[in-house]
file start_39.txt (compact mmCIF, C-alpha atoms)
# COMPACT_ATOMS: atom_id res chain seq x y z
CA MET A 15 -77.59 -59.08 -33.55
CA GLN A 16 -75.37 -62.00 -32.57
CA GLU A 17 -74.20 -62.31 -36.19
CA VAL A 18 -73.04 -58.67 -36.24
CA PHE A 19 -71.13 -59.22 -33.01
CA GLU A 20 -69.50 -62.38 -34.35
CA GLU A 21 -68.59 -60.67 -37.62
CA LYS A 22 -66.94 -57.80 -35.77
CA GLU A 23 -65.05 -60.29 -33.58
CA ILE A 24 -63.76 -62.00 -36.73
CA LEU A 25 -62.60 -58.65 -38.11
CA LEU A 26 -60.88 -57.76 -34.83
CA SER A 27 -59.20 -61.16 -34.84
CA HIS A 28 -57.94 -60.43 -38.36
CA ILE A 29 -56.56 -57.09 -37.14
CA CYS A 30 -54.77 -58.89 -34.29
CA GLN A 31 -53.17 -61.25 -36.78
CA ILE A 32 -51.99 -58.32 -38.90
CA VAL A 33 -50.38 -56.76 -35.82
CA LYS A 34 -48.64 -60.03 -34.95
CA ASN A 35 -47.35 -60.47 -38.51
CA LEU A 36 -46.07 -56.90 -38.75
CA ILE A 37 -44.27 -57.08 -35.42
CA GLN A 38 -42.77 -60.49 -36.15
CA GLY A 39 -41.48 -59.21 -39.49
CA ASN A 40 -39.80 -56.06 -38.16
CA ASN A 41 -36.81 -56.01 -35.81
CA LEU A 42 -37.50 -52.44 -34.67
CA TYR A 43 -41.04 -53.37 -33.69
CA GLN A 44 -39.81 -56.45 -31.86
CA GLU A 45 -37.30 -54.37 -29.94
CA ARG A 46 -39.51 -51.43 -29.04
CA LEU A 47 -43.10 -52.71 -28.93
CA ASN A 48 -45.00 -55.05 -26.67
CA ILE A 49 -47.15 -57.22 -28.92
CA ASP A 50 -49.95 -57.60 -26.37
CA GLU A 51 -50.12 -53.84 -25.77
CA MET A 52 -50.20 -53.14 -29.51
CA ILE A 53 -52.96 -55.68 -30.08
CA GLN A 54 -54.99 -54.07 -27.30
CA LEU A 55 -54.33 -50.62 -28.77
CA MET A 56 -55.55 -51.73 -32.20
CA VAL A 57 -58.60 -53.53 -30.83
CA ASN A 58 -59.59 -50.45 -28.84
CA LEU A 59 -59.03 -48.25 -31.86
CA PHE A 60 -60.96 -50.35 -34.33
CA LYS A 61 -63.81 -51.10 -31.92
CA ARG A 62 -64.84 -47.48 -32.44
CA PHE A 63 -65.75 -48.26 -36.04
CA SER A 64 -68.75 -50.17 -37.27
CA THR A 65 -68.38 -53.56 -38.90
CA GLU A 66 -69.31 -52.00 -42.24
CA GLU A 67 -66.64 -49.31 -41.89
CA ILE A 68 -63.95 -51.87 -41.16
CA LYS A 69 -65.08 -54.14 -43.98
CA ALA A 70 -64.91 -51.18 -46.38
CA ILE A 71 -61.14 -50.93 -45.84
CA THR A 72 -59.17 -53.14 -48.21
CA ASN A 73 -56.78 -55.57 -46.58
CA ASP A 74 -53.75 -53.79 -48.08
CA ASP A 75 -54.98 -50.45 -46.77
CA LEU A 76 -55.71 -51.97 -43.37
CA VAL A 77 -52.16 -53.34 -43.18
CA LYS A 78 -50.76 -49.93 -44.17
CA ARG A 79 -52.85 -48.14 -41.56
CA ILE A 80 -51.85 -50.54 -38.80
CA ASP A 81 -48.21 -50.37 -39.88
CA SER A 82 -48.31 -46.57 -39.73
CA ILE A 83 -49.64 -46.69 -36.19
CA LEU A 84 -46.97 -49.20 -35.20
CA VAL A 85 -44.26 -46.95 -36.65
CA LEU A 86 -45.50 -44.03 -34.57
CA GLU A 87 -45.62 -46.18 -31.46
CA ALA A 88 -42.13 -47.57 -32.11
CA VAL A 89 -40.44 -44.22 -32.63
CA SER A 90 -42.34 -42.21 -30.04
CA GLY A 91 -40.05 -41.44 -27.18
CA THR A 92 -36.93 -42.13 -29.25
CA LEU A 93 -35.47 -38.76 -28.34
CA ASN A 94 -35.83 -39.65 -24.67
CA ASP A 95 -33.29 -42.44 -25.18
CA LEU A 96 -30.57 -40.09 -26.44
CA THR A 97 -27.63 -38.88 -24.41
CA PRO A 98 -27.21 -35.09 -23.95
CA GLU A 99 -24.49 -35.13 -26.62
CA GLN A 100 -26.75 -36.95 -29.06
CA ILE A 101 -29.57 -34.50 -28.37
CA LYS A 102 -27.24 -31.60 -29.10
CA MET A 103 -26.19 -33.21 -32.40
CA TYR A 104 -29.85 -33.79 -33.27
CA GLU A 105 -30.81 -30.19 -32.48
CA GLU A 106 -27.92 -28.88 -34.58
CA ALA A 107 -28.95 -31.07 -37.50
CA VAL A 108 -32.55 -29.86 -37.26
CA GLU A 109 -31.44 -26.21 -37.12
CA ARG A 110 -29.37 -26.68 -40.31
CA ARG A 111 -32.44 -27.98 -42.13
CA TRP A 112 -34.39 -24.78 -41.42
call {"tool": "encode", "arguments": {"input": "start_39.txt", "output": "structure tokens"}}
result
Amino acid sequence: MQEVFEEKEILLSHICQIVKNLIQGNNLYQERLNIDEMIQLMVNLFKRFSTEEIKAITNDDLVKRIDSILVLEAVSGTLNDLTPEQIKMYEEAVERRW
């Protein structure tokens, strides 16, 4: 049982390193994300999966999945940062696309 726990801890440590690398390599992430919060988010997310499930994900796929989550976290709330004029321009642009 201890071995399973240790193996999962190693996998979670690997996930933490992926998060750190992705954030360090992306200016948007550095500007908008708190690295400690994102690590905690990923640990909580991946703790839900078994060791076998995590191991079944290739490293490239794991990086892509984590990167996708980071993108969502980085851009969520972006519209809240806009001025009323910018929001109007955004809404007009969206209406033209429909």
call {"tool": "axis_aligned_box", "arguments": {"input": "start_39.txt", "around": "range 61-68 of chain A", "padding_each_side": "3 Å", "output": "lines of an AutoDock Vina configuration file"}}
result
center_x = -66.6
center_y = -50.5
center_z = -37.1
size_x = 11.5
size_y = 12.1
size_z = 16.3
call {"tool": "atom_distance", "arguments": {"input": "start_39.txt", "atom1": "CA of Gly39 in chain A", "atom2": "CA of Ile68 in chain A"}}
result
23.7 Å
call {"tool": "atom_distance", "arguments": {"input": "start_39.txt", "atom1": "CA of Ala107 in chain A", "atom2": "CA of Val85 in chain A"}}
result
22.1 Å
call {"tool": "closest_residue", "arguments": {"input": "start_39.txt", "among": "A:Met103, A:Cys30, A:Ile24, A:Val77", "to": "Met52 in chain A", "atoms": "only C-alpha atoms"}}
result
A:Cys30
call {"tool": "residues_around", "arguments": {"input": "start_39.txt", "residues": "range 43-49 of chain A", "least_positions_apart": "6", "cutoff": "7 Å", "atoms": "all atoms listed in the file", "output": "list in words"}}
result
Lys34, Ile37 and Ala88 of chain A
call {"tool": "atom_distance", "arguments": {"input": "start_39.txt", "atom1": "CA of Ile53 in chain A", "atom2": "CA of Leu96 in chain A"}}
result
27.5 Å
call {"tool": "closest_residue", "arguments": {"input": "start_39.txt", "among": "A:Ile32, A:Val108, A:Leu93, A:Leu26", "to": "Ile80 in chain A", "atoms": "only C-alpha atoms"}}
result
A:Ile32
call {"tool": "residues_around", "arguments": {"input": "start_39.txt", "residues": "Glu21 in chain A", "least_positions_apart": "6", "cutoff": "12 Å", "atoms": "only C-alpha atoms", "output": "ChimeraX atom specification"}}
result
/A:15,27-28,64-66,68-69
call {"tool": "residues_around", "arguments": {"input": "start_39.txt", "residues": "Glu67 in chain A", "least_positions_apart": "5", "cutoff": "12 Å", "atoms": "only C-alpha atoms", "output": "VMD selection string"}}
result
chain A and resid 22 25 60 to 62 72 76
call {"tool": "write_last_selection", "arguments": {"input": "start_39.txt", "atoms": "C-alpha atoms", "output": "PDB file, in the coordinates of the input"}}
result
ATOM      1  CA  LYS A  22     -66.940 -57.800 -35.770  1.00  0.00           C
ATOM      2  CA  LEU A  25     -62.600 -58.650 -38.110  1.00  0.00           C
ATOM      3  CA  PHE A  60     -60.960 -50.350 -34.330  1.00  0.00           C
ATOM      4  CA  LYS A  61     -63.810 -51.100 -31.920  1.00  0.00           C
ATOM      5  CA  ARG A  62     -64.840 -47.480 -32.440  1.00  0.00           C
ATOM      6  CA  THR A  72     -59.170 -53.140 -48.210  1.00  0.00           C
ATOM      7  CA  LEU A  76     -55.710 -51.970 -43.370  1.00  0.00           C
TER       8      LEU A  76
END
call {"tool": "build_atoms", "arguments": {"input": "start_39.txt", "residues": "range 63-81 of chain A", "atoms": "N, CA and C atoms", "output": "PDB file, in the frame of the given file"}}
result
ATOM      1  N   PHE A  63     -65.154 -48.263 -34.712  1.00  0.00           N
ATOM      2  CA  PHE A  63     -65.750 -48.260 -36.040  1.00  0.00           C
ATOM      3  C   PHE A  63     -66.781 -49.368 -36.163  1.00  0.00           C
ATOM      4  N   SER A  64     -67.740 -49.143 -37.030  1.00  0.00           N
ATOM      5  CA  SER A  64     -68.750 -50.170 -37.270  1.00  0.00           C
ATOM      6  C   SER A  64     -68.143 -51.299 -38.098  1.00  0.00           C
ATOM      7  N   THR A  65     -68.822 -52.416 -38.089  1.00  0.00           N
ATOM      8  CA  THR A  65     -68.380 -53.560 -38.900  1.00  0.00           C
ATOM      9  C   THR A  65     -68.305 -53.164 -40.361  1.00  0.00           C
ATOM     10  N   GLU A  66     -69.281 -52.420 -40.832  1.00  0.00           N
ATOM     11  CA  GLU A  66     -69.310 -52.000 -42.240  1.00  0.00           C
ATOM     12  C   GLU A  66     -68.128 -51.099 -42.574  1.00  0.00           C
ATOM     13  N   GLU A  67     -67.784 -50.205 -41.660  1.00  0.00           N
ATOM     14  CA  GLU A  67     -66.640 -49.310 -41.890  1.00  0.00           C
ATOM     15  C   GLU A  67     -65.335 -50.094 -41.989  1.00  0.00           C
ATOM     16  N   ILE A  68     -65.167 -51.066 -41.128  1.00  0.00           N
ATOM     17  CA  ILE A  68     -63.950 -51.870 -41.160  1.00  0.00           C
ATOM     18  C   ILE A  68     -63.903 -52.708 -42.424  1.00  0.00           C
ATOM     19  N   LYS A  69     -65.029 -53.303 -42.781  1.00  0.00           N
ATOM     20  CA  LYS A  69     -65.080 -54.140 -43.980  1.00  0.00           C
ATOM     21  C   LYS A  69     -64.821 -53.336 -45.240  1.00  0.00           C
ATOM     22  N   ALA A  70     -65.105 -52.041 -45.214  1.00  0.00           N
ATOM     23  CA  ALA A  70     -64.910 -51.180 -46.380  1.00  0.00           C
ATOM     24  C   ALA A  70     -63.432 -50.896 -46.649  1.00  0.00           C
ATOM     25  N   ILE A  71     -62.572 -51.156 -45.682  1.00  0.00           N
ATOM     26  CA  ILE A  71     -61.140 -50.930 -45.840  1.00  0.00           C
ATOM     27  C   ILE A  71     -60.536 -52.176 -46.484  1.00  0.00           C
ATOM     28  N   THR A  72     -59.820 -51.992 -47.580  1.00  0.00           N
ATOM     29  CA  THR A  72     -59.170 -53.140 -48.210  1.00  0.00           C
ATOM     30  C   THR A  72     -58.101 -53.700 -47.279  1.00  0.00           C
ATOM     31  N   ASN A  73     -57.775 -54.947 -47.449  1.00  0.00           N
ATOM     32  CA  ASN A  73     -56.780 -55.570 -46.580  1.00  0.00           C
ATOM     33  C   ASN A  73     -55.433 -54.847 -46.684  1.00  0.00           C
ATOM     34  N   ASP A  74     -55.022 -54.503 -47.913  1.00  0.00           N
ATOM     35  CA  ASP A  74     -53.750 -53.790 -48.080  1.00  0.00           C
ATOM     36  C   ASP A  74     -53.766 -52.457 -47.340  1.00  0.00           C
ATOM     37  N   ASP A  75     -54.868 -51.742 -47.443  1.00  0.00           N
ATOM     38  CA  ASP A  75     -54.980 -50.450 -46.770  1.00  0.00           C
ATOM     39  C   ASP A  75     -55.002 -50.645 -45.252  1.00  0.00           C
ATOM     40  N   LEU A  76     -55.665 -51.684 -44.798  1.00  0.00           N
ATOM     41  CA  LEU A  76     -55.710 -51.970 -43.370  1.00  0.00           C
ATOM     42  C   LEU A  76     -54.304 -52.255 -42.835  1.00  0.00           C
ATOM     43  N   VAL A  77     -53.544 -53.042 -43.573  1.00  0.00           N
ATOM     44  CA  VAL A  77     -52.160 -53.340 -43.180  1.00  0.00           C
ATOM     45  C   VAL A  77     -51.344 -52.051 -43.140  1.00  0.00           C
ATOM     46  N   LYS A  78     -51.502 -51.199 -44.141  1.00  0.00           N
ATOM     47  CA  LYS A  78     -50.760 -49.930 -44.170  1.00  0.00           C
ATOM     48  C   LYS A  78     -51.124 -49.044 -42.994  1.00  0.00           C
ATOM     49  N   ARG A  79     -52.408 -48.977 -42.678  1.00  0.00           N
ATOM     50  CA  ARG A  79     -52.850 -48.140 -41.560  1.00  0.00           C
ATOM     51  C   ARG A  79     -52.288 -48.654 -40.230  1.00  0.00           C
ATOM     52  N   ILE A  80     -52.374 -49.953 -40.037  1.00  0.00           N
ATOM     53  CA  ILE A  80     -51.850 -50.540 -38.800  1.00  0.00           C
ATOM     54  C   ILE A  80     -50.347 -50.350 -38.731  1.00  0.00           C
ATOM     55  N   ASP A  81     -49.662 -50.553 -39.845  1.00  0.00           N
ATOM     56  CA  ASP A  81     -48.210 -50.370 -39.880  1.00  0.00           C
ATOM     57  C   ASP A  81     -47.836 -48.939 -39.535  1.00  0.00           C
TER      58      ASP A  81
END
